[in-house]
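*Asks:* Data file data-v7.cif (mmCIF, C-alpha atoms) is appended below.
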```cif
data_coords
#
loop_
_atom_site.label_atom_id
_atom_site.label_comp_id
_atom_site.auth_asym_id
_atom_site.auth_seq_id
_atom_site.Cartn_x
_atom_site.Cartn_y
_atom_site.Cartn_z
CA MET A 51 0.00 0.00 0.00
CA ASN A 52 1.16 3.52 -0.74
CA SER A 53 2.03 5.07 2.60
CA TYR A 54 4.07 7.77 4.23
CA LYS A 55 5.22 8.28 7.76
CA LEU A 56 3.62 11.05 9.77
CA LYS A 57 5.56 13.00 12.37
CA GLN A 58 3.94 10.88 15.05
CA GLY A 59 5.31 7.77 13.37
CA ILE A 60 1.89 6.54 12.19
CA MET A 61 1.72 4.89 8.78
CA THR A 62 -1.14 6.34 6.75
CA SER A 63 -2.53 4.32 3.85
CA VAL A 64 -5.55 4.16 1.54
CA LEU A 65 -6.82 1.31 -0.64
CA PHE A 66 -9.69 1.32 -3.13
CA ASP A 67 -11.69 -1.75 -4.18
CA ARG A 68 -13.99 -1.99 -7.19
CA ARG A 69 -16.36 -4.85 -8.04
CA THR A 70 -16.42 -5.78 -11.71
CA ASP A 71 -17.81 -8.60 -13.86
CA ARG A 72 -14.32 -10.14 -13.75
CA GLY A 73 -13.94 -9.91 -9.99
CA THR A 74 -12.72 -7.29 -7.54
CA ILE A 75 -9.94 -4.87 -8.46
CA THR A 76 -7.86 -3.50 -5.58
CA SER A 77 -5.40 -0.66 -5.90
CA GLU A 78 -3.78 2.18 -4.01
CA ASN A 79 -3.87 4.16 -7.27
CA PRO A 80 -7.26 5.88 -7.67
CA ALA A 81 -6.85 5.95 -11.44
CA ASP A 82 -7.20 2.15 -11.42
CA ILE A 83 -10.55 2.26 -9.64
CA TRP A 84 -12.36 5.50 -10.47
CA PRO A 85 -13.55 5.69 -14.12
CA ASP A 86 -12.35 8.48 -16.41
CA TRP A 87 -9.71 9.65 -13.94
CA LYS A 88 -8.63 13.26 -14.64
CA GLY A 89 -5.34 13.32 -12.73
CA PRO A 90 -4.53 16.75 -11.26
CA ALA A 91 -7.88 18.05 -12.53
CA GLU A 92 -9.85 15.63 -10.31
CA THR A 93 -12.33 17.68 -8.28
CA TRP A 94 -14.72 16.03 -5.83
CA LEU A 95 -17.81 17.77 -4.47
CA PHE A 96 -19.42 16.25 -1.37
CA LEU A 97 -23.04 17.30 -0.84
CA ALA A 98 -25.10 17.02 2.33
CA ALA A 99 -28.47 18.08 3.64
CA HIS A 100 -26.99 18.56 7.13
CA ASP A 101 -23.61 19.60 8.43
CA ASP A 102 -22.62 16.23 9.93
CA ASP A 103 -23.82 14.03 7.03
CA ILE A 104 -20.57 14.07 5.05
CA VAL A 105 -18.24 13.14 7.87
CA THR A 106 -20.57 10.40 9.15
CA GLY A 107 -21.59 8.97 5.77
CA ALA A 108 -18.54 9.57 3.58
CA GLY A 109 -15.81 10.74 5.94
CA LEU A 110 -13.31 8.08 4.91
CA THR A 111 -13.85 8.77 1.21
CA PHE A 112 -13.43 12.48 1.96
CA LEU A 113 -10.16 11.88 3.80
CA SER A 114 -8.90 9.47 1.14
CA ALA A 115 -9.45 12.12 -1.53
CA LEU A 116 -7.47 14.70 0.45
CA HIS A 117 -4.75 12.10 1.05
CA LYS A 118 -4.48 11.45 -2.71
CA GLY A 119 -4.27 15.13 -3.60
CA VAL A 120 -7.77 15.51 -5.05
CA ASN A 121 -9.35 18.98 -5.11
CA VAL A 122 -12.11 18.56 -2.52
CA TYR A 123 -15.16 20.75 -1.85
CA ALA A 124 -18.15 20.39 0.48
CA GLY A 125 -21.64 21.85 0.22
CA VAL A 126 -24.11 21.83 3.13
CA ILE A 127 -27.64 22.80 2.15
CA SER A 128 -29.31 23.39 5.52
CA ASN A 129 -28.47 25.60 8.48
CA GLY A 130 -29.29 23.08 11.22
CA ARG A 131 -32.11 25.20 12.66
CA MET A 132 -34.18 22.18 13.66
CA GLY A 133 -31.25 20.37 15.28
CA TYR A 134 -31.71 21.74 18.80
CA CYS A 135 -31.76 19.16 21.59
CA THR A 136 -32.61 21.39 24.56
CA PRO A 137 -34.96 24.39 24.90
CA GLU A 138 -31.95 26.62 25.49
CA GLN A 139 -30.45 25.67 22.12
CA ARG A 140 -33.46 26.76 20.11
CA GLU A 141 -32.32 30.36 19.59
CA THR A 142 -28.60 29.68 19.23
CA ILE A 143 -28.38 26.38 17.35
CA VAL A 144 -27.79 27.87 13.87
CA ARG A 145 -24.72 29.81 15.01
CA VAL A 146 -23.45 26.92 17.14
CA ARG A 147 -23.75 24.37 14.35
CA ARG A 148 -22.13 26.69 11.82
CA ASP A 149 -19.14 27.02 14.15
CA GLU A 150 -19.03 23.26 14.75
CA THR A 151 -19.10 22.63 11.00
CA LEU A 152 -16.19 24.98 10.35
CA GLU A 153 -14.14 23.36 13.11
CA SER A 154 -14.90 19.83 11.91
CA PHE A 155 -13.98 20.47 8.27
CA GLN A 156 -10.85 22.38 9.27
CA TYR A 157 -9.82 19.39 11.37
CA LEU A 158 -10.42 17.06 8.41
CA GLY A 159 -8.08 19.24 6.35
CA LEU A 160 -10.50 20.86 3.90
CA PRO A 161 -8.76 23.90 2.35
CA GLU A 162 -10.06 27.33 3.29
CA GLY A 163 -12.77 28.55 0.96
CA HIS A 164 -13.78 25.04 -0.11
CA LEU A 165 -16.78 24.79 2.25
CA TYR A 166 -20.13 26.18 1.08
CA GLN A 167 -22.80 26.53 3.77
CA PHE A 168 -26.30 27.50 2.69
CA ASP A 169 -29.19 28.81 4.74
CA TYR A 170 -32.19 26.55 4.11
CA ASP A 171 -34.05 25.38 7.21
CA ASP A 172 -33.58 21.66 7.75
CA GLY A 173 -36.57 19.43 8.39
CA SER A 174 -38.49 20.95 5.48
CA LEU A 175 -36.16 20.89 2.49
CA ALA A 176 -38.95 19.43 0.35
CA LEU A 177 -40.59 22.88 0.54
CA GLU A 178 -37.42 24.41 -0.94
CA SER A 179 -37.22 22.35 -4.14
CA GLY A 180 -37.09 23.97 -7.54
CA ARG A 181 -36.16 27.56 -8.37
CA ARG A 182 -38.05 30.83 -7.97
CA PHE A 183 -37.16 34.49 -7.83
CA ALA A 184 -36.58 35.80 -4.33
CA VAL A 185 -39.37 37.99 -2.95
CA ASN A 186 -37.09 39.61 -0.40
CA PRO A 187 -33.83 41.01 -1.83
CA ASP A 188 -32.19 40.41 1.56
CA ASP A 189 -33.07 36.70 1.58
CA THR A 190 -29.91 34.93 2.81
CA ARG A 191 -30.66 31.98 0.54
CA ALA A 192 -30.72 34.07 -2.64
CA ILE A 193 -28.11 33.59 -5.35
CA CYS A 194 -28.38 35.83 -8.41
CA GLY A 195 -31.81 36.96 -7.24
CA ALA A 196 -33.35 33.49 -6.97
CA VAL A 197 -33.86 30.84 -4.28
CA GLY A 198 -34.58 27.12 -4.21
CA ILE A 199 -32.32 24.08 -4.00
CA GLN A 200 -32.09 23.73 -7.79
CA ASN A 201 -30.89 27.32 -8.00
CA THR A 202 -28.31 26.68 -5.28
CA LEU A 203 -27.02 23.39 -6.70
CA THR A 204 -26.89 24.59 -10.30
CA TRP A 205 -24.82 27.58 -9.18
CA LEU A 206 -22.57 25.39 -7.02
CA ILE A 207 -21.91 22.82 -9.76
CA ARG A 208 -21.03 25.57 -12.24
CA LYS A 209 -18.85 27.23 -9.60
CA VAL A 210 -16.88 24.14 -8.51
CA ARG A 211 -17.07 22.23 -11.83
CA PRO A 212 -16.56 18.84 -10.16
CA THR A 213 -15.49 15.67 -11.92
CA ARG A 214 -17.35 13.62 -9.27
CA ILE A 215 -20.19 14.37 -6.86
CA PHE A 216 -20.98 12.42 -3.70
CA VAL A 217 -24.49 12.70 -2.29
CA MET A 218 -26.65 10.97 0.30
CA ASN A 219 -28.40 7.74 -0.56
CA ARG A 220 -31.73 8.19 -2.38
CA LEU A 221 -33.34 5.67 0.02
CA ASP A 222 -32.12 7.25 3.26
CA LEU A 223 -34.61 7.49 6.08
CA HIS A 224 -34.43 11.27 6.37
CA PRO A 225 -36.62 13.13 3.81
CA ASP A 226 -34.05 15.96 3.64
CA HIS A 227 -31.48 13.46 2.36
CA ARG A 228 -33.80 12.18 -0.34
CA ILE A 229 -34.76 15.65 -1.59
CA VAL A 230 -31.12 16.75 -1.97
CA ASN A 231 -30.43 13.59 -3.98
CA THR A 232 -33.42 14.26 -6.24
CA GLU A 233 -32.66 17.95 -6.68
CA LEU A 234 -29.04 17.14 -7.53
CA SER A 235 -29.97 15.04 -10.56
CA ILE A 236 -32.06 17.74 -12.23
CA SER A 237 -29.54 20.42 -11.20
CA ILE A 238 -26.78 18.56 -13.07
CA PHE A 239 -29.06 18.58 -16.11
CA HIS A 240 -29.48 22.35 -15.70
CA ALA A 241 -25.77 22.94 -15.03
CA GLN A 242 -24.64 21.39 -18.32
CA GLY A 243 -27.13 23.45 -20.35
CA ASP A 244 -27.61 27.12 -21.18
CA ILE A 245 -30.54 27.75 -18.83
CA TRP A 246 -30.17 30.44 -16.13
CA PRO A 247 -26.95 31.97 -17.52
CA GLU A 248 -26.56 34.28 -14.53
CA LEU A 249 -25.60 31.22 -12.46
CA GLY A 250 -22.38 30.75 -14.42
CA PRO A 251 -21.16 29.11 -17.65
CA PRO A 252 -22.32 25.54 -18.33
CA VAL A 253 -20.10 22.69 -17.21
CA PRO A 254 -18.36 20.98 -20.17
CA HIS A 255 -18.78 17.42 -18.87
CA LEU A 256 -21.31 15.66 -16.67
CA PRO A 257 -19.78 14.73 -13.30
CA LEU A 258 -19.88 11.11 -12.20
CA LEU A 259 -22.23 10.46 -9.28
CA TYR A 260 -21.90 8.38 -6.13
CA GLU A 261 -24.24 7.79 -3.20
CA TYR A 262 -23.13 7.35 0.40
CA PRO A 263 -25.37 6.00 3.18
CA THR A 264 -26.23 7.56 6.50
CA TYR A 265 -29.27 5.57 7.67
CA SER A 266 -30.54 3.16 5.03
CA ASP A 267 -29.17 0.57 2.62
CA PHE A 268 -28.50 1.24 -1.06
CA VAL A 269 -30.97 0.49 -3.84
CA SER A 270 -28.48 -2.14 -5.09
CA PRO A 271 -25.10 -3.43 -3.82
CA PRO A 272 -22.27 -0.89 -3.84
CA ALA A 273 -19.50 -1.10 -6.43
CA ILE A 274 -16.72 0.71 -4.55
CA ARG A 275 -15.12 0.23 -1.17
CA VAL A 276 -12.69 2.67 0.44
CA ARG A 277 -10.30 1.28 3.07
CA VAL A 278 -8.09 3.44 5.25
CA SER A 279 -5.55 2.90 7.99
CA GLY A 280 -6.42 3.35 11.65
CA ASP A 281 -5.16 6.92 11.93
CA LEU A 282 -7.55 8.17 9.24
CA ALA A 283 -10.43 6.18 10.72
CA GLU A 284 -9.74 7.78 14.10
CA LYS A 285 -9.48 11.22 12.50
CA ARG A 286 -12.98 10.79 11.10
CA LEU A 287 -14.26 9.91 14.58
CA GLN A 288 -12.63 12.98 16.07
CA ALA A 289 -14.16 15.16 13.34
CA ILE A 290 -17.63 13.81 14.17
CA ALA A 291 -17.07 14.66 17.83
CA PHE A 292 -16.94 18.38 17.00
CA PHE A 293 -20.73 18.32 16.68
CA LYS A 294 -21.18 18.51 20.44
CA SER A 295 -24.54 20.27 20.21
CA GLN A 296 -26.01 17.03 18.85
CA LEU A 297 -26.48 15.19 22.14
CA GLN A 298 -27.04 11.85 20.41
CA ILE A 299 -23.67 12.08 18.65
CA GLU A 300 -22.04 9.48 20.92
CA LEU A 301 -24.41 6.80 19.64
CA LEU A 302 -23.51 7.74 16.08
CA VAL A 303 -19.78 7.69 16.85
CA GLU A 304 -20.09 4.20 18.29
CA GLY A 305 -21.80 2.92 15.15
CA VAL A 306 -19.12 4.48 12.95
CA ARG A 307 -16.40 3.04 15.19
CA GLN A 308 -17.79 -0.46 14.70
CA ALA A 309 -17.54 -0.02 10.93
CA GLY A 310 -13.80 0.51 11.31
CA GLY A 311 -11.82 1.75 8.32
CA ASN A 312 -14.20 0.59 5.60
CA GLU A 313 -16.71 2.66 3.62
CA TYR A 314 -18.93 1.79 0.67
CA LEU A 315 -20.24 3.81 -2.28
CA HIS A 316 -23.00 3.20 -4.81
CA GLU A 317 -22.53 4.47 -8.36
CA MET A 318 -25.47 6.44 -9.71
CA ILE A 319 -26.32 6.36 -13.39
CA PHE A 320 -27.28 9.69 -14.93
CA ASP A 321 -29.66 8.19 -17.45
CA ILE A 322 -31.64 10.22 -19.99
CA LEU A 323 -34.19 8.12 -21.89
CA PRO A 324 -32.81 7.59 -25.43
CA PRO A 325 -35.20 7.87 -28.40
CA GLY A 326 -36.48 4.55 -29.62
CA LYS A 327 -35.38 2.58 -26.56
CA TYR A 328 -38.57 0.51 -26.51
CA ASP A 329 -39.25 0.27 -30.25
CA SER A 330 -38.14 -3.38 -30.38
CA LEU A 331 -40.82 -4.36 -27.83
CA PHE A 332 -43.68 -3.59 -30.22
#
```
Using structure tokens, write down the structure that the file contains.
*Replies:*
Amino acid sequence: MNSYKLKQGIMTSVLFDRRTDRGTITSENPADIWPDWKGPAETWLFLAAHDDDIVTGAGLTFLSALHKGVNVYAGVISNGRMGYCTPEQRETIVRVRRDETLESFQYLGLPEGHLYQFDYDDGSLALESGRRFAVNPDDTRAICGAVGIQNTLTWLIRKVRPTRIFVMNRLDLHPDHRIVNTELSISIFHAQGDIWPELGPPVPHLPLLYEYPTYSDFVSPPAIRVRVSGDLAEKRLQAIAFFKSQLQIELLVEGVRQAGGNEYLHEMIFDILPPGKYDSLF
């Protein structure tokens, strides 16, 4: 395994596994595992409904990308307003969770300026689907005079121009997770076209898509496994612990700890119905 020695003397390593029709391919070289590898131009965008989703659902993949020199970005759609666990937290939770998020991603090693935090209220993201012009010019969610998750994601995709996007599982228990997954697919369609030019120039290539789980199983077995050494697995656990306002976080940490240094990803297919697909059936 490709490894280097940290100052503390810990050996850090990352392995990728990919299931194929001919068996499983294992390599320390991401170009052997991830299709259409772009080398230094590889840019990965991790999307989440909530601030702690990425580190809990795809934290090892996130760390492995940083370890391999990938350009990494993170986008968090909601502000955590409904994440208060005590009456006292109700008025302060947005500020507290924003601070916790910054600390957690800094600890993970995300470069400054690569974290995008948006201001949609969690717990009701289904009400924020689509795109519409902002009624209030001071709306903190507004980008180029419009609001809605499709507006936000189309702008973000054109801004970051990722080669790969990682998003929460379409079957996850939380409705906020499912709506971000759904809104992403149509936003990619928008981002590669000429619609809404004020949101930036169209992306030249469709990014490849991957789902990560937080609560529920995938729609079909995953194709990719990420394996990391113990120091990176522990770093992910420490990054989760920054979310101290979430009083149930210890239960989550314990579940992640049991999973060890393994993480699984499901490849999504961006599939537009081709003309004549069903002609042979009739």
*Asks:* When distances are computed from all atoms listed in the file, which of A:Gly109, A:Pro85, A:Pro225, A:Gly73 shows the smallest separation from Ala289 of chain A?
*Replies:*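 When distances to Ala289 of chain A are compared using all atoms listed in the file, the smallest one comes from A:Gly109.
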*Asks:* Which residues match the PyMOL selection byres ((chain A and resi 66) around 9) in the file above, as a list in words?
*Replies:*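 Checking the PyMOL selection byres ((chain A and resi 66) around 9) against this file, the residues are Val64, Leu65, Asp67, Arg68, Ile75, Thr76, Ser77, Glu78, Asn79, Pro80, Asp82, Ile83, Trp84, Ile274, Arg275, Val276, Arg277 and Val278 of chain A.
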*Asks:* Report as a tab-separated table the residues of segment 83-137 of chain A within 12 Å of segment 154-164 of chain A, each with its shortest atom pair and distance in Å (one decimal), using all atoms listed in the file, ordered by chain and increasing residue number.
*Replies:*
```
residue	atom	partner	partner_atom	distance
A:Thr93	CA	A:His164	CA	11.1
A:Trp94	CA	A:His164	CA	10.7
A:Leu95	CA	A:His164	CA	9.4
A:Phe96	CA	A:His164	CA	10.5
A:Asp101	CA	A:Ser154	CA	9.4
A:Asp102	CA	A:Ser154	CA	8.7
A:Asp103	CA	A:Ser154	CA	11.7
A:Ile104	CA	A:Phe155	CA	9.7
A:Val105	CA	A:Phe155	CA	8.5
A:Thr106	CA	A:Ser154	CA	11.3
A:Gly109	CA	A:Leu158	CA	8.7
A:Leu110	CA	A:Leu158	CA	10.1
A:Thr111	CA	A:Leu158	CA	11.5
A:Phe112	CA	A:Leu158	CA	8.5
A:Leu113	CA	A:Leu158	CA	6.9
A:Ser114	CA	A:Leu158	CA	10.6
A:Ala115	CA	A:Leu160	CA	10.3
A:Leu116	CA	A:Gly159	CA	7.5
A:His117	CA	A:Gly159	CA	9.5
A:Gly119	CA	A:Leu160	CA	11.3
A:Val120	CA	A:Leu160	CA	10.8
A:Asn121	CA	A:Pro161	CA	9.0
A:Val122	CA	A:Leu160	CA	7.0
A:Tyr123	CA	A:His164	CA	4.8
A:Ala124	CA	A:His164	CA	6.4
A:Gly125	CA	A:His164	CA	8.5
A:Val126	CA	A:His164	CA	11.3
```
*Asks:* Find the distance between atom CA of Ile215 of chain A and atom CA of Leu259 of chain A and write it in Å to one decimal.
*Replies:* 5.0 Å
*Asks:* Take atom CA of Gly180 of chain A and atom CA of Tyr262 of chain A and report the distance between them in Å, one decimal.
*Replies:* 23.1 Å
*Asks:* Please report the interatomic distance between atom CA of Tyr166 of chain A and atom CA of Leu256 of chain A in Å with one decimal.
*Replies:*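 If I compute the distance from atom CA of Tyr166 of chain A to atom CA of Leu256 of chain A, I get 20.7 Å.
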*Asks:* Can you give me, as a list in words, the residues this file yields under the PyMOL selection byres ((chain A and resi 318-327) around 9)?
*Replies:*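 Listing what the PyMOL selection byres ((chain A and resi 318-327) around 9) selects in the shown file: Ser235, Leu256, Leu258, Leu259, Tyr260, Glu261, His316, Glu317, Tyr328, Asp329, Ser330 and Leu331 of chain A.
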*Asks:* Pick out the closest residue to Asp172 of chain A from this set: A:Ser128, A:Gln139, A:Asn201, A:Thr190. Count only C-alpha atoms.
*Replies:*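 Among the listed residues, A:Ser128 lies closest to Asp172 of chain A.
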*Asks:* Given only C-alpha atoms as the basis, pick out the residue of A:Ala98, A:Ala309, A:Val303, A:Ile245 nearest to Val217 of chain A.
*Replies:* A:Ala98
*Asks:* Excluding Asp244 of chain A and its own-chain neighbours fewer than 4 positions away, which residues fall within 12 Å of it when counting all atoms listed in the file? Please give them as an MDAnalysis selection string.
*Replies:* chainID A and resid 204 208 238:240 248:254
*Asks:* Got a sec: who's within 8 Å of Gln296 of chain A, counting only C-alpha atoms, leaving out chain neighbours fewer than 4 positions off, as a list in words?
*Replies:*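 Result of the neighbour search: Gly133, Tyr134 and Cys135 of chain A.
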*Asks:* Could you tell me which residues the PyMOL selection byres ((chain A and resi 291) around 10) returns for this structure, as a list in words?
*Replies:*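 Answer for the PyMOL selection byres ((chain A and resi 291) around 10): Asp102, Glu150, Ser154, Lys285, Arg286, Leu287, Gln288, Ala289, Ile290, Phe292, Phe293, Lys294, Ser295, Gln296, Ile299, Glu300, Leu302 and Val303 of chain A.
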*Asks:* Which of these residues is nearest to Ser179 of chain A, using only C-alpha atoms: A:Pro212, A:Glu92, A:Trp205, A:Asn231?
*Replies:*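 Using only C-alpha atoms, the shortest distance to Ser179 of chain A belongs to A:Asn231.
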*Asks:* Taking all atoms listed in the file into account, name the residue in A:Ala91, A:Ala108, A:Ala273, A:Leu152 that is nearest to Glu313 of chain A.
*Replies:*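 So, comparing all the options, the nearest one is A:Ala108.
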*Asks:* Closest to Ile229 of chain A among A:Leu97, A:Ala176, A:Ile127, A:Val197, using all atoms listed in the file?
*Replies:*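 Between A:Leu97, A:Ala176, A:Ile127, A:Val197, the residue approaching Ile229 of chain A most closely is A:Ala176.
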*Asks:* Would you compute the box with edges along x, y and z of the file around segment 162-167 of chain A, including every atom the file lists for it and 3 Å extra on each side, and give its centre and edge lengths in Å to one decimal, as lines of an AutoDock Vina configuration file?
*Replies:*
```
center_x = -16.4
center_y = 26.7
center_z = 1.8
size_x = 18.7
size_y = 9.8
size_z = 9.9
```
*Asks:* Would you mind listing what lies within 6 Å of Ser237 of chain A as a list in words, with all atoms listed in the file counted and same-chain residues fewer than 4 positions away left out?
*Replies:* Gln200, Leu203, Thr204 and Ala241 of chain A
*Asks:* Which neighbours of Asp222 of chain A fall inside 9 Å, counting only C-alpha atoms, when residues of the same chain fewer than 4 positions from it are skipped, and could you give them as a list in words?
*Replies:*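 Here the answer would be Met218, Asp226, His227, Arg228, Pro263, Thr264, Tyr265, Ser266, Asp267 and Phe268 of chain A.
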